[in-house]
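S.K.: This is coords_26.cif (mmCIF, C-alpha atoms).
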data_model
loop_
_atom_site.group_PDB
_atom_site.id
_atom_site.type_symbol
_atom_site.label_atom_id
_atom_site.label_comp_id
_atom_site.auth_asym_id
_atom_site.auth_seq_id
_atom_site.Cartn_x
_atom_site.Cartn_y
_atom_site.Cartn_z
ATOM 1 C CA MET A 1 11.249 14.442 19.273
ATOM 2 C CA LEU A 2 8.521 15.566 16.859
ATOM 3 C CA ARG A 3 11.096 17.538 14.899
ATOM 4 C CA ARG A 4 13.265 14.427 14.581
ATOM 5 C CA ILE A 5 10.310 12.401 13.261
ATOM 6 C CA VAL A 6 9.439 15.113 10.739
ATOM 7 C CA LEU A 7 13.050 15.218 9.535
ATOM 8 C CA ILE A 8 13.233 11.435 9.207
ATOM 9 C CA VAL A 9 10.026 11.356 7.163
ATOM 10 C CA ALA A 10 11.218 14.253 4.992
ATOM 11 C CA PHE A 11 14.567 12.596 4.273
ATOM 12 C CA ALA A 12 12.904 9.254 3.560
ATOM 13 C CA THR A 13 10.602 10.926 1.039
ATOM 14 C CA ILE A 14 13.496 12.727 -0.623
ATOM 15 C CA ALA A 15 15.502 9.503 -0.765
ATOM 16 C CA SER A 16 12.570 7.620 -2.303
ATOM 17 C CA ASP A 17 12.005 10.359 -4.888
ATOM 18 C CA ALA A 18 15.727 10.415 -5.689
ATOM 19 C CA ARG A 19 15.732 6.620 -6.126
ATOM 20 C CA ALA A 20 12.788 6.874 -8.517
ATOM 21 C CA LEU A 21 14.578 9.590 -10.466
ATOM 22 C CA ASP A 22 17.531 7.197 -10.797
ATOM 23 C CA GLY A 23 15.323 4.832 -12.748
ATOM 24 C CA ASP A 24 15.791 4.210 -16.451
ATOM 25 C CA PRO A 25 12.761 5.465 -18.439
ATOM 26 C CA ALA A 26 13.544 3.179 -21.410
ATOM 27 C CA ALA A 27 13.672 0.112 -19.170
ATOM 28 C CA GLY A 28 10.522 1.377 -17.440
ATOM 29 C CA LYS A 29 8.717 1.644 -20.766
ATOM 30 C CA SER A 30 9.632 -1.960 -21.541
ATOM 31 C CA ILE A 31 8.284 -3.074 -18.150
ATOM 32 C CA PHE A 32 5.156 -0.940 -18.646
ATOM 33 C CA LEU A 33 4.490 -2.518 -22.043
ATOM 34 C CA ARG A 34 5.001 -6.018 -20.620
ATOM 35 C CA ILE A 35 3.058 -5.645 -17.358
ATOM 36 C CA CYS A 36 0.923 -2.496 -17.218
ATOM 37 C CA GLN A 37 -0.426 -1.728 -20.687
ATOM 38 C CA ASN A 38 -3.105 -4.409 -20.642
ATOM 39 C CA CYS A 39 -4.952 -2.375 -18.004
ATOM 40 C CA HIS A 40 -3.506 1.156 -18.288
ATOM 41 C CA SER A 41 -2.947 3.521 -21.190
ATOM 42 C CA PRO A 42 0.008 5.921 -21.245
ATOM 43 C CA GLU A 43 -2.068 8.279 -23.401
ATOM 44 C CA ILE A 44 -4.226 11.177 -22.293
ATOM 45 C CA GLY A 45 -7.951 10.454 -22.070
ATOM 46 C CA ILE A 46 -7.781 6.718 -22.782
ATOM 47 C CA ASN A 47 -8.980 4.646 -19.849
ATOM 48 C CA LYS A 48 -8.927 0.873 -19.932
ATOM 49 C CA VAL A 49 -9.652 -1.472 -17.016
ATOM 50 C CA GLY A 50 -7.530 1.021 -15.064
ATOM 51 C CA PRO A 51 -7.272 4.783 -15.553
ATOM 52 C CA SER A 52 -4.941 6.495 -17.996
ATOM 53 C CA LEU A 53 -1.502 7.069 -16.488
ATOM 54 C CA TRP A 54 -0.815 10.158 -18.589
ATOM 55 C CA ASN A 55 0.655 12.855 -16.305
ATOM 56 C CA VAL A 56 0.219 10.631 -13.229
ATOM 57 C CA VAL A 57 3.349 11.860 -11.408
ATOM 58 C CA GLY A 58 2.234 14.755 -9.203
ATOM 59 C CA ARG A 59 -1.463 14.193 -9.907
ATOM 60 C CA GLN A 60 -4.054 13.724 -7.178
ATOM 61 C CA PRO A 61 -5.422 10.166 -6.912
ATOM 62 C CA ALA A 62 -8.827 9.474 -8.471
ATOM 63 C CA ALA A 63 -8.524 12.533 -10.722
ATOM 64 C CA VAL A 64 -8.940 11.033 -14.204
ATOM 65 C CA PRO A 65 -12.329 11.947 -15.698
ATOM 66 C CA ASP A 66 -14.713 9.199 -16.757
ATOM 67 C CA TYR A 67 -13.117 6.501 -14.621
ATOM 68 C CA ALA A 68 -15.036 4.697 -11.859
ATOM 69 C CA TYR A 69 -12.600 4.681 -8.929
ATOM 70 C CA SER A 70 -13.097 2.645 -5.768
ATOM 71 C CA GLU A 71 -14.127 4.556 -2.651
ATOM 72 C CA SER A 72 -10.721 3.724 -1.169
ATOM 73 C CA MET A 73 -8.927 5.459 -4.021
ATOM 74 C CA LYS A 74 -11.325 8.412 -3.916
ATOM 75 C CA ASN A 75 -10.443 8.827 -0.237
ATOM 76 C CA ASN A 76 -6.695 8.688 -0.933
ATOM 77 C CA LYS A 77 -5.721 12.366 -0.839
ATOM 78 C CA ALA A 78 -1.906 12.181 -1.063
ATOM 79 C CA PRO A 79 -0.592 13.157 -4.525
ATOM 80 C CA TRP A 80 1.175 10.609 -6.690
ATOM 81 C CA THR A 81 4.772 11.498 -5.918
ATOM 82 C CA ALA A 82 7.554 9.186 -7.047
ATOM 83 C CA ALA A 83 7.661 7.756 -3.519
ATOM 84 C CA ALA A 84 3.881 7.235 -3.417
ATOM 85 C CA LEU A 85 3.906 5.513 -6.810
ATOM 86 C CA ASP A 86 6.803 3.317 -5.715
ATOM 87 C CA ALA A 87 4.891 2.185 -2.619
ATOM 88 C CA TYR A 88 1.686 1.617 -4.582
ATOM 89 C CA ILE A 89 3.350 -0.331 -7.393
ATOM 90 C CA ALA A 90 5.133 -2.493 -4.802
ATOM 91 C CA ASP A 91 1.853 -3.581 -3.182
ATOM 92 C CA PRO A 92 -1.311 -1.892 -4.512
ATOM 93 C CA ARG A 93 -3.774 -3.581 -2.160
ATOM 94 C CA GLY A 94 -1.508 -3.233 0.850
ATOM 95 C CA ASP A 95 -0.829 0.441 0.143
ATOM 96 C CA VAL A 96 -4.452 1.499 -0.477
ATOM 97 C CA HIS A 97 -6.821 -1.069 1.040
ATOM 98 C CA GLY A 98 -9.954 -1.703 -0.995
ATOM 99 C CA VAL A 99 -8.650 -0.689 -4.425
ATOM 100 C CA LYS A 100 -9.920 -2.460 -7.533
ATOM 101 C CA MET A 101 -6.459 -3.111 -8.979
ATOM 102 C CA TYR A 102 -5.824 -6.857 -9.281
ATOM 103 C CA PHE A 103 -2.072 -6.562 -9.850
ATOM 104 C CA LYS A 104 -0.224 -8.140 -6.919
ATOM 105 C CA GLY A 105 2.706 -5.740 -7.090
ATOM 106 C CA LEU A 106 6.202 -5.398 -8.464
ATOM 107 C CA ALA A 107 8.717 -6.581 -5.864
ATOM 108 C CA ASP A 108 11.932 -5.450 -7.567
ATOM 109 C CA ALA A 109 12.856 -1.908 -6.414
ATOM 110 C CA LYS A 110 14.944 -1.197 -9.542
ATOM 111 C CA GLU A 111 12.078 -2.200 -11.827
ATOM 112 C CA ARG A 112 9.701 0.030 -9.838
ATOM 113 C CA ALA A 113 12.164 2.925 -10.144
ATOM 114 C CA ASP A 114 12.335 2.311 -13.891
ATOM 115 C CA VAL A 115 8.529 2.280 -14.208
ATOM 116 C CA VAL A 116 8.209 5.495 -12.175
ATOM 117 C CA ALA A 117 10.934 7.092 -14.330
ATOM 118 C CA PHE A 118 8.924 6.133 -17.428
ATOM 119 C CA LEU A 119 5.677 7.425 -15.910
ATOM 120 C CA SER A 120 7.400 10.737 -15.189
ATOM 121 C CA THR A 121 7.954 11.181 -18.947
ATOM 122 C CA LEU A 122 4.216 10.990 -19.690
ATOM 123 C CA LYS A 123 3.417 14.693 -19.923
#
Could I get this structure in the form of structure tokens?
M.R.:
Amino acid sequence: MLRRIVLIVAFATIASDARALDGDPAAGKSIFLRICQNCHSPEIGINKVGPSLWNVVGRQPAAVPDYAYSESMKNNKAPWTAAALDAYIADPRGDVHGVKMYFKGLADAKERADVVAFLSTLK
């Protein structure tokens, strides 16, 4: 039974990462510029109201220097995989309770995949 649960979780993660990789980075950049850039910079070392999202895919949460993270985000130890970013962007406060992010979330799965695809180019 435990093996079955582990396999289901593994396949769900792979499927979520694959869906994010199917996103369109150009469309994601457009969405980022429209929705995210007021609070987040795509450039290294430039924090705004939110932390820089440069190299966010694969990074540990609360890892950007000189940014005052909430305790909830500091305690979030799972790396920012495509699947984790998808879940967070869908519902930031529901995914990590107690975060400072005021954004209510992006409901459209295709738009989230596009944003994650764009974020994956920031290296």
S.K.: Could you check which of A:Ser72, A:Thr81, A:Asn55, A:Gln37 is closest to Lys123 in chain A, using only C-alpha atoms?
M.R.: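 Closest to Lys123 in chain A, using only C-alpha atoms: A:Asn55.
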S.K.: Which one of A:Ile44, A:Ala26, A:Leu53, A:Val99 sits closest to Glu111 in chain A if you count all atoms listed in the file?
M.R.: A:Ala26
S.K.: Output the residue selection produced by the PyMOL selection byres ((chain A and resi 28-32) around 10) on the file above, formatted as a PDB file with C-alpha atoms, in the coordinates of the input.
M.R.:
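As a result, out_24.pdb now contains:
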ATOM      1  CA  GLY A  23      15.323   4.832 -12.748  1.00  0.00           C
ATOM      2  CA  ASP A  24      15.791   4.210 -16.451  1.00  0.00           C
ATOM      3  CA  PRO A  25      12.761   5.465 -18.439  1.00  0.00           C
ATOM      4  CA  ALA A  26      13.544   3.179 -21.410  1.00  0.00           C
ATOM      5  CA  ALA A  27      13.672   0.112 -19.170  1.00  0.00           C
ATOM      6  CA  LEU A  33       4.490  -2.518 -22.043  1.00  0.00           C
ATOM      7  CA  ARG A  34       5.001  -6.018 -20.620  1.00  0.00           C
ATOM      8  CA  ILE A  35       3.058  -5.645 -17.358  1.00  0.00           C
ATOM      9  CA  CYS A  36       0.923  -2.496 -17.218  1.00  0.00           C
ATOM     10  CA  GLN A  37      -0.426  -1.728 -20.687  1.00  0.00           C
ATOM     11  CA  ASN A  38      -3.105  -4.409 -20.642  1.00  0.00           C
ATOM     12  CA  HIS A  40      -3.506   1.156 -18.288  1.00  0.00           C
ATOM     13  CA  SER A  41      -2.947   3.521 -21.190  1.00  0.00           C
ATOM     14  CA  PRO A  42       0.008   5.921 -21.245  1.00  0.00           C
ATOM     15  CA  LYS A 110      14.944  -1.197  -9.542  1.00  0.00           C
ATOM     16  CA  GLU A 111      12.078  -2.200 -11.827  1.00  0.00           C
ATOM     17  CA  ARG A 112       9.701   0.030  -9.838  1.00  0.00           C
ATOM     18  CA  ALA A 113      12.164   2.925 -10.144  1.00  0.00           C
ATOM     19  CA  ASP A 114      12.335   2.311 -13.891  1.00  0.00           C
ATOM     20  CA  VAL A 115       8.529   2.280 -14.208  1.00  0.00           C
ATOM     21  CA  VAL A 116       8.209   5.495 -12.175  1.00  0.00           C
ATOM     22  CA  ALA A 117      10.934   7.092 -14.330  1.00  0.00           C
ATOM     23  CA  PHE A 118       8.924   6.133 -17.428  1.00  0.00           C
ATOM     24  CA  LEU A 119       5.677   7.425 -15.910  1.00  0.00           C
ATOM     25  CA  THR A 121       7.954  11.181 -18.947  1.00  0.00           C
TER      26      THR A 121
END
S.K.: Take CA of Leu85 in chain A and CA of Val57 in chain A and report the distance between them in Å, one decimal.
M.R.: 7.9 Å
S.K.: Could you tell me which residues the PyMOL selection byres ((chain A and resi 92) around 12) grabs in this file, written as a PyMOL selection string?
M.R.: chain A and resi 72-73+84-91+93-107
S.K.: Write out as a list in words the residues lying within 10 Å of range 58-66 of chain A, counting only C-alpha atoms and excluding same-chain residues fewer than 2 positions away.
M.R.: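 So the residues in contact are Ile44, Gly45, Ile46, Asn47, Pro51, Ser52, Leu53, Trp54, Asn55, Val56, Ala68, Tyr69, Ser70, Glu71, Ser72, Met73, Lys74, Asn75, Asn76, Lys77, Ala78, Pro79, Trp80, Thr81, Ala82, Ala84, Leu85 and Ser120 of chain A.
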S.K.: For range 83-91 of chain A, I'd like the enclosing box, axis-aligned and padded by 3 Å on every side, reported as AutoDock Vina command-line options with centre and edge lengths in Å to one decimal.
M.R.:
--center_x 4.7 --center_y 2.1 --center_z -5.0 --size_x 12.0 --size_y 17.3 --size_z 10.8
